[in-house]
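Report on the structure given below.
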Amino acid sequence: MALHELTIAQLHEGLKKKEFSATELLTDVLQRIEQVEEKIKAFVTVTEDVAREQARRVDEKIARGEEIGPLEGIPAAIKDNICTEGVLTTCSSKMLHNFVPPYDATVMRKLKAAGVVMVGKANMDEFAMGSSTENSRFFPTKNPWDMGRVPGGSSGGSAAAVAAGEAIYALGSDTGGSIRQPASFCGVVGMKPTYGRVSRYGLVAFASSLDQIGPLTKDVRDCALVLGAIAGHDPMDSTSVPHPVPDYTASLEKGIKGMRIGIPREYFGEGIDAGVKEAVKKAIATLEDLGATCEETSLPHTDYALPAYYIIAPAEASSNLARYDGVRYGYRDETAEDVVTMFMRTRSEGFGTEVKRRIMLGTYTLSSGYYDAYYLKALKVRTLIKQDFDRALEKFDLLVTPTSPTVAFRFGERAADPLQMYLSDICTISVNLAGVPAISVPCGLVDGLPVGLQFIGRPFAEETILQAAYAFEQAAGTANLKPAL
Amino acid sequence: MLSREQVEHVALLARLELKEEEIEMYRQQLGKILDYIEKLNELDTTNVPPTAHVLPLKNVYREDVVGEHMDPEKVLRNAPDREENYFKVPRIL
C-alpha cells in the first residue's frame with residue numbers, strides 16, 4: 001500500500017521504525033494531491049511550503065533520536081474556518097477571501113505542539129452553512145466515491161480529503177451534523193465531541209451554543225488519537241470544560257459485551273431510505289453478536305429538532321455574522337461614499353445566498369415582537385429535546401441511529417429548495433441541541449456508496465462511543481474504506 | 001407569508017442591500033421556512049424553562065492582570081484601509 005493509504009497509527013509505527021521519513025510521507029501525500037485534487041477539489045489552499053517545513057522539523061527530531069508523539073509528522077487537512085496563523089482562512093466566503101489570521105486557533109496550536117504537518121485548508125459550505133459544499137463561494141468538492149455526488153457538508157472538503165488519501169486525517173466543525181454527515185457520505189469516521197470538550201477559540205463562529213470542532217479520520221483508533229490531541233480546557237474559551245482528558249485509545253479494545261444500546265424508533269421512520277435502514281439494522285445485529293443488548297427506545301421530540309434548530313442556529317448566526325462590516329478585515333466594497341452604504345454593500349456582495357438567507361431568518365426571529373414566539377419557544381423546545389436524551393441515556397449506555405437519512409445525493413438535487421437541504425441533517429441536529437457527543441462510522445455500502453452509523457453517548461463519555469464504534473468497525477470490517485479513484 | 005415590506009425591513013436591520021429578485025426569493029423561501037417552524041406550536045411549553053446553553057456554566061472569571069497583546073501592525077495587516085494605527089472608513093456623517 002502507498003503511504004497515503006495508511007492510518008495515523010500505521011504511519012506512526014513506520015516513522016518510528018524509520019521505514020520512511022516524515023518528508024517521504026509528505027511527498028507521497030502531495031503526489032496524491034497532485035494526482036486527484038483536480039477532480040476532487042477538497043482544498044481551498046494547499047500549504048506545501050508550511051507542510052515541508054513542518055515535516056523537516058519532525059525528521060530532524062527523529063534524526064536526533066528523540067521520541068515522537070502519535071500525530072507527529074502526520075499530514076492533515078484543516079477546515080477553512082479554523083484560524084491558522086499566516087495562512088489564508090476563507091470560510092469558503094468572498095467575505096474572507098483575503099483573510100490571513102494573525103493567530104492560531106487553540107486546536108491548531110495544540111496540533112502544532114503535537115507535530116502536525118498541515119497540507120491544506122479544506123473547502124466547506126460558506127461559513128459552515130450547508131450540507132453539500134455547494135454553498136462554497138469558490139467551487140463544490142466532489143465525493144471521491146462518485147464524482148456526480150456531493151461529499152456532504154459543511155466539512156465536505158475535510159471528509160473528501162481523508163477519503164481520497166489527500167490527507168491522513170482532518171479537522172472539521174459540526175453545528176448540526178457538519179462533521180458526521182460528510183463523514184457518512186465519504187465513508188470515513190467523524191466525531192462531534194461533547195459541547196465544551198474542545199476549545200472553539202479561533203473557530204470562525206457560526207452558532208456558538210452548537211459549534212464544536214472534531215476529527216475526521218480513516219478509522220476509530222485515529223479518531224481517538226486526534227480527539228486526545230485537541231480536547232481540553234482553554235482559558236480563551238469560557239465554554240470549554242476543565243475535565244481531564246483521558247487517553248481515548250486506552251479503552252478501545254474493551255469490547256461491548258453487556259453494553260445497553262438504545263435504538264430510537266423515530267430515526268427509522270418516514271424519510272429514511274430503505275437501503276440505509278437495512279444497512280443500519282444489519283449493523284445493529286452485529287452489535288448484538290458482539291454481546292451488546294439492543295432495545296428500542298424513543299426520543300419523542302425528534303420531529304421538533306429541525307424547526308427548533310432553524311430558529312436557534314440562524315439567530316445565533318445573524319448575531320455572530322454582524323461583525324463582517326468591511327472595517328477591520330476581509331472584503332470591503334470600495335464604491336460606497338458613506339459608511340452605512342459601505343456596510344450594506346460589503347455584506348450583500350461578501351455573503352452568498354444561503355448565508356444571507358440565514359442572516360435574514362435569524363434577524364427576523366430575533367426582531368422586536370417575534371422574539372418570544374420564535375426564539376424563546378425554540379429554546380424551550382430545546383429543553384424538551386435535551387430531556388429526551390437525558391432520559392434515554394439514563395437507561396442506555398449509548399444510542400445508535402443512522403447518521404444521515406440517505407447516501408450522498410447528486411449535485412443540484414437539493415440545492416433549489418432550502419428545506420430539502422435542511423432535511424439532510426435530520427439525524428444529526430438533535431445531538432447538537434442536546435450537546436452530547438456522537439460519532440459516525442461507515443457500516444456498509446448501498447449501491448456502491450457509504451452509509452454511516454451514528455453512536456450517541458452521554459455528555460463527556462466519548463470513551464464509550466469510541467469503544468463501541470471500534471468494536472463495531474473491527475467486526476464489520478469497515479475500517480479505512482477506500483473508493484476506487 | 002411575509003410581506004415585501006417585512007423583508008425589506010429585516011434586510012435593513014441586517015444591513016443587507018437586496019436586489020429586486022432577492023427580495024422576492026427570500027420572501028417566498030423565508031415564508032416557507034417560517035411555516036415549517038410553526039410546527040413548534042404543537043407543543044405546550046408553558047412550564048418548560050428555556051435552554052440557551054447545555055452546560056451548567058455560570059460566569060467565568062479570571063484575574064484582572066495585563067496579559068500579552070498583539071502587535072498593532074499584525075492586527076492592522078488585514079485592514080482594507082488604514083491611517084497610522086487606525087482603521088480607515090468612508091465618511092460617517
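Order determines the names: the first chain of the C-alpha cells is A, the second B, and so forth; residues in each chain are numbered 1 upward, and ligands are numbered 1 upward as they are shown.
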
Find the residues near Pro49 of chain B: any atom within 10 Å, counting only C-alpha atoms, skip ones fewer than 4 places away on the same chain, and give them as number ranges by chain. A: 376-377, 379-384; B: 45

Could you give me, as a list in words, the residues within 7 Å of Ser92 of chain A, counting only C-alpha atoms and dropping anything in the same chain fewer than 4 positions from it? Asp80, Asn123, Met124, Asp125, Glu126, Phe127, Ser136, Arg137 and Phe138 of chain A

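Backbone DSSP over chain B yields strand (DSSP E or B) at Arg82, Glu83, Tyr86, Phe87 and Arg91 of chain B.
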
Could the residues of chain B within 8 Å of chain A, counting only C-alpha atoms, be given as a ChimeraX atom specification, please? /B:10-11,13-18,26,29-30,33,36-40,43,45,48-55,57,60,74-76,78-81,87-93

Provide the atom CA of Ser155 of chain A to atom CA of Glu278 of chain A distance in Å, to one decimal place.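 Between atom CA of Ser155 of chain A and atom CA of Glu278 of chain A the gap works out to 26.2 Å.
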
So, with only C-alpha atoms as the atoms that count, which of A:Pro242, A:Gly69, A:Gly369, A:Pro314 lies closest to Val226 of chain A?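 So, comparing all the options, the nearest one is A:Gly69.
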
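Take atom CA of Asp289 of chain A and atom CA of Leu252 of chain A: the distance between them is 17.7 Å.
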
Please compute the atom CA of His243 of chain A-atom CA of Ile439 of chain A distance, one decimal, in Å.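 About the pair atom CA of His243 of chain A and atom CA of Ile439 of chain A: they are 20.0 Å apart.
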
For Gly31 of chain B, which residue among B:Leu2, B:Tyr86, B:Met70, B:Tyr61 is the nearest when counting only C-alpha atoms?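 The closest residue to Gly31 of chain B is B:Leu2.
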
Just the residues within 8 Å of segment 448-452 of chain A, please, counting only C-alpha atoms, with nothing from its chain fewer than 2 positions along; format it as a list in words. Trp145, Asp146, Gln181, Ala183, Ser184, Phe185, Cys186, Gly187, Val276, Ala279, Pro402, Thr403, Ser404, Thr406, Val407, Ala408, Ser440, Val441, Pro442, Cys443, Gly444, Leu445, Val446 and Gln454 of chain A

Once DSSP has gone over the backbone, tell me which residues of chain B are in helix (DSSP H, G or I), as a PyMOL selection string. chain B and resi 4-13+20-42+72-76

Go ahead and write the selection's residues with N, CA, C and O atoms as a compact mmCIF listing (two decimals), in the first residue's frame.
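Heads up, here's the output in part_20.txt:
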```
# COMPACT_ATOMS: atom_id res chain seq x y z
N ARG B 4 -43.51 42.04 1.37
CA ARG B 4 -42.32 42.67 0.80
C ARG B 4 -41.72 43.68 1.78
O ARG B 4 -40.50 43.75 1.95
N GLU B 5 -42.59 44.41 2.46
CA GLU B 5 -42.12 45.44 3.42
C GLU B 5 -41.38 44.78 4.58
O GLU B 5 -40.36 45.29 5.05
N GLN B 6 -41.90 43.64 5.04
CA GLN B 6 -41.22 42.93 6.14
C GLN B 6 -39.82 42.50 5.71
O GLN B 6 -38.86 42.63 6.47
N VAL B 7 -39.72 41.95 4.51
CA VAL B 7 -38.41 41.50 4.02
C VAL B 7 -37.45 42.69 3.94
O VAL B 7 -36.29 42.61 4.36
N GLU B 8 -37.94 43.80 3.44
CA GLU B 8 -37.09 44.99 3.31
C GLU B 8 -36.66 45.51 4.69
O GLU B 8 -35.52 45.92 4.87
N HIS B 9 -37.58 45.46 5.64
CA HIS B 9 -37.27 45.91 6.99
C HIS B 9 -36.19 45.02 7.63
O HIS B 9 -35.22 45.51 8.21
N VAL B 10 -36.37 43.70 7.50
CA VAL B 10 -35.39 42.77 8.07
C VAL B 10 -34.03 42.96 7.40
O VAL B 10 -32.99 42.96 8.06
N ALA B 11 -34.03 43.15 6.09
CA ALA B 11 -32.77 43.36 5.37
C ALA B 11 -32.05 44.61 5.89
O ALA B 11 -30.84 44.61 6.08
N LEU B 12 -32.82 45.65 6.17
CA LEU B 12 -32.22 46.87 6.70
C LEU B 12 -31.62 46.62 8.09
O LEU B 12 -30.50 47.03 8.38
N LEU B 13 -32.38 45.90 8.93
CA LEU B 13 -31.86 45.56 10.26
C LEU B 13 -30.56 44.78 10.16
O LEU B 13 -29.65 44.94 10.96
N GLU B 20 -33.70 43.28 -6.32
CA GLU B 20 -35.13 43.07 -6.54
C GLU B 20 -35.48 41.57 -6.51
O GLU B 20 -36.38 41.14 -5.79
N GLU B 21 -34.73 40.77 -7.26
CA GLU B 21 -35.07 39.34 -7.33
C GLU B 21 -34.80 38.62 -6.00
O GLU B 21 -35.46 37.65 -5.66
N GLU B 22 -33.83 39.13 -5.25
CA GLU B 22 -33.54 38.52 -3.94
C GLU B 22 -34.70 38.76 -2.96
O GLU B 22 -35.04 37.91 -2.16
N ILE B 23 -35.28 39.95 -3.03
CA ILE B 23 -36.38 40.27 -2.12
C ILE B 23 -37.51 39.26 -2.33
O ILE B 23 -38.02 38.68 -1.36
N GLU B 24 -37.86 39.01 -3.55
CA GLU B 24 -38.95 38.08 -3.85
C GLU B 24 -38.55 36.64 -3.46
O GLU B 24 -39.34 35.91 -2.87
N MET B 25 -37.32 36.27 -3.78
CA MET B 25 -36.86 34.91 -3.44
C MET B 25 -36.90 34.68 -1.93
O MET B 25 -37.45 33.69 -1.46
N TYR B 26 -36.33 35.60 -1.18
CA TYR B 26 -36.31 35.43 0.27
C TYR B 26 -37.72 35.52 0.86
O TYR B 26 -38.04 34.84 1.83
N ARG B 27 -38.57 36.35 0.27
CA ARG B 27 -39.94 36.47 0.76
C ARG B 27 -40.61 35.09 0.72
O ARG B 27 -41.19 34.63 1.70
N GLN B 28 -40.46 34.42 -0.41
CA GLN B 28 -41.09 33.10 -0.56
C GLN B 28 -40.42 32.04 0.31
O GLN B 28 -41.09 31.28 1.00
N GLN B 29 -39.08 32.00 0.24
CA GLN B 29 -38.36 30.94 0.97
C GLN B 29 -38.49 31.10 2.48
O GLN B 29 -38.74 30.13 3.19
N LEU B 30 -38.35 32.33 2.97
CA LEU B 30 -38.48 32.53 4.41
C LEU B 30 -39.90 32.24 4.86
O LEU B 30 -40.13 31.67 5.93
N GLY B 31 -40.86 32.56 4.03
CA GLY B 31 -42.26 32.25 4.34
C GLY B 31 -42.44 30.75 4.53
O GLY B 31 -43.05 30.29 5.51
N LYS B 32 -41.87 29.99 3.61
CA LYS B 32 -41.98 28.51 3.69
C LYS B 32 -41.30 27.97 4.94
O LYS B 32 -41.82 27.09 5.62
N ILE B 33 -40.11 28.50 5.23
CA ILE B 33 -39.36 28.03 6.40
C ILE B 33 -40.14 28.38 7.68
O ILE B 33 -40.26 27.57 8.59
N LEU B 34 -40.68 29.59 7.73
CA LEU B 34 -41.44 30.00 8.92
C LEU B 34 -42.70 29.16 9.09
O LEU B 34 -43.07 28.81 10.21
N ASP B 35 -43.34 28.78 7.98
CA ASP B 35 -44.50 27.88 8.05
C ASP B 35 -44.08 26.55 8.69
O ASP B 35 -44.77 26.00 9.53
N TYR B 36 -42.93 26.05 8.24
CA TYR B 36 -42.42 24.79 8.75
C TYR B 36 -42.14 24.90 10.25
O TYR B 36 -42.44 24.00 11.03
N ILE B 37 -41.58 26.03 10.64
CA ILE B 37 -41.21 26.26 12.04
C ILE B 37 -42.45 26.34 12.94
O ILE B 37 -42.38 26.00 14.13
N GLU B 38 -43.58 26.72 12.37
CA GLU B 38 -44.85 26.79 13.11
C GLU B 38 -45.14 25.47 13.84
O GLU B 38 -45.88 25.44 14.81
N LYS B 39 -44.57 24.40 13.34
CA LYS B 39 -44.75 23.08 13.93
C LYS B 39 -44.49 23.10 15.44
O LYS B 39 -45.09 22.33 16.19
N LEU B 40 -43.58 23.97 15.87
CA LEU B 40 -43.24 24.03 17.30
C LEU B 40 -44.46 24.37 18.16
O LEU B 40 -44.52 24.02 19.33
N ASN B 41 -45.43 25.05 17.56
CA ASN B 41 -46.61 25.45 18.34
C ASN B 41 -47.52 24.27 18.70
O ASN B 41 -48.44 24.43 19.50
N GLU B 42 -47.23 23.10 18.13
CA GLU B 42 -47.96 21.89 18.54
C GLU B 42 -47.64 21.55 20.00
O GLU B 42 -48.39 20.84 20.65
N PRO B 72 0.12 45.92 17.09
CA PRO B 72 -0.86 46.63 16.24
C PRO B 72 -0.60 46.40 14.74
O PRO B 72 -1.54 46.30 13.95
N GLU B 73 0.63 46.31 14.38
CA GLU B 73 0.98 46.09 12.97
C GLU B 73 0.33 44.80 12.47
O GLU B 73 -0.19 44.72 11.37
N LYS B 74 0.36 43.78 13.32
CA LYS B 74 -0.21 42.47 12.99
C LYS B 74 -1.73 42.56 12.88
O LYS B 74 -2.35 42.00 11.99
N VAL B 75 -2.31 43.33 13.81
CA VAL B 75 -3.76 43.49 13.81
C VAL B 75 -4.23 44.21 12.55
O VAL B 75 -5.23 43.87 11.94
N LEU B 76 -3.46 45.21 12.15
CA LEU B 76 -3.87 46.06 11.03
C LEU B 76 -3.54 45.46 9.66
O LEU B 76 -3.94 45.99 8.63
```

Could you check the closest approach to Thr286 of chain A for each of A:Ala476, A:Asn143, A:Val29, A:Gly214 and tell me which residue wins, using only C-alpha atoms?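 Of all the options, A:Ala476 lies closest to Thr286 of chain A.
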
Contacts of Leu71 of chain A at 8 Å or less, counting only C-alpha atoms, minus same-chain residues fewer than 2 places along, as an mmCIF file with C-alpha atoms, in the first residue's frame?
```
data_model
loop_
_atom_site.group_PDB
_atom_site.id
_atom_site.type_symbol
_atom_site.label_atom_id
_atom_site.label_comp_id
_atom_site.auth_asym_id
_atom_site.auth_seq_id
_atom_site.Cartn_x
_atom_site.Cartn_y
_atom_site.Cartn_z
ATOM 1 C CA ILE A 8 -2.202 7.525 11.589
ATOM 2 C CA HIS A 12 3.401 6.374 13.311
ATOM 3 C CA GLY A 69 4.220 11.581 19.509
ATOM 4 C CA GLY A 73 4.742 14.091 11.087
ATOM 5 C CA ILE A 74 1.252 13.010 10.003
ATOM 6 C CA ALA A 114 1.682 17.576 18.562
ATOM 7 C CA GLY A 115 3.783 17.845 15.377
ATOM 8 C CA VAL A 116 1.130 18.303 12.690
ATOM 9 C CA LEU A 225 -5.804 9.852 18.768
ATOM 10 C CA VAL A 226 -6.840 13.152 17.194
#
```
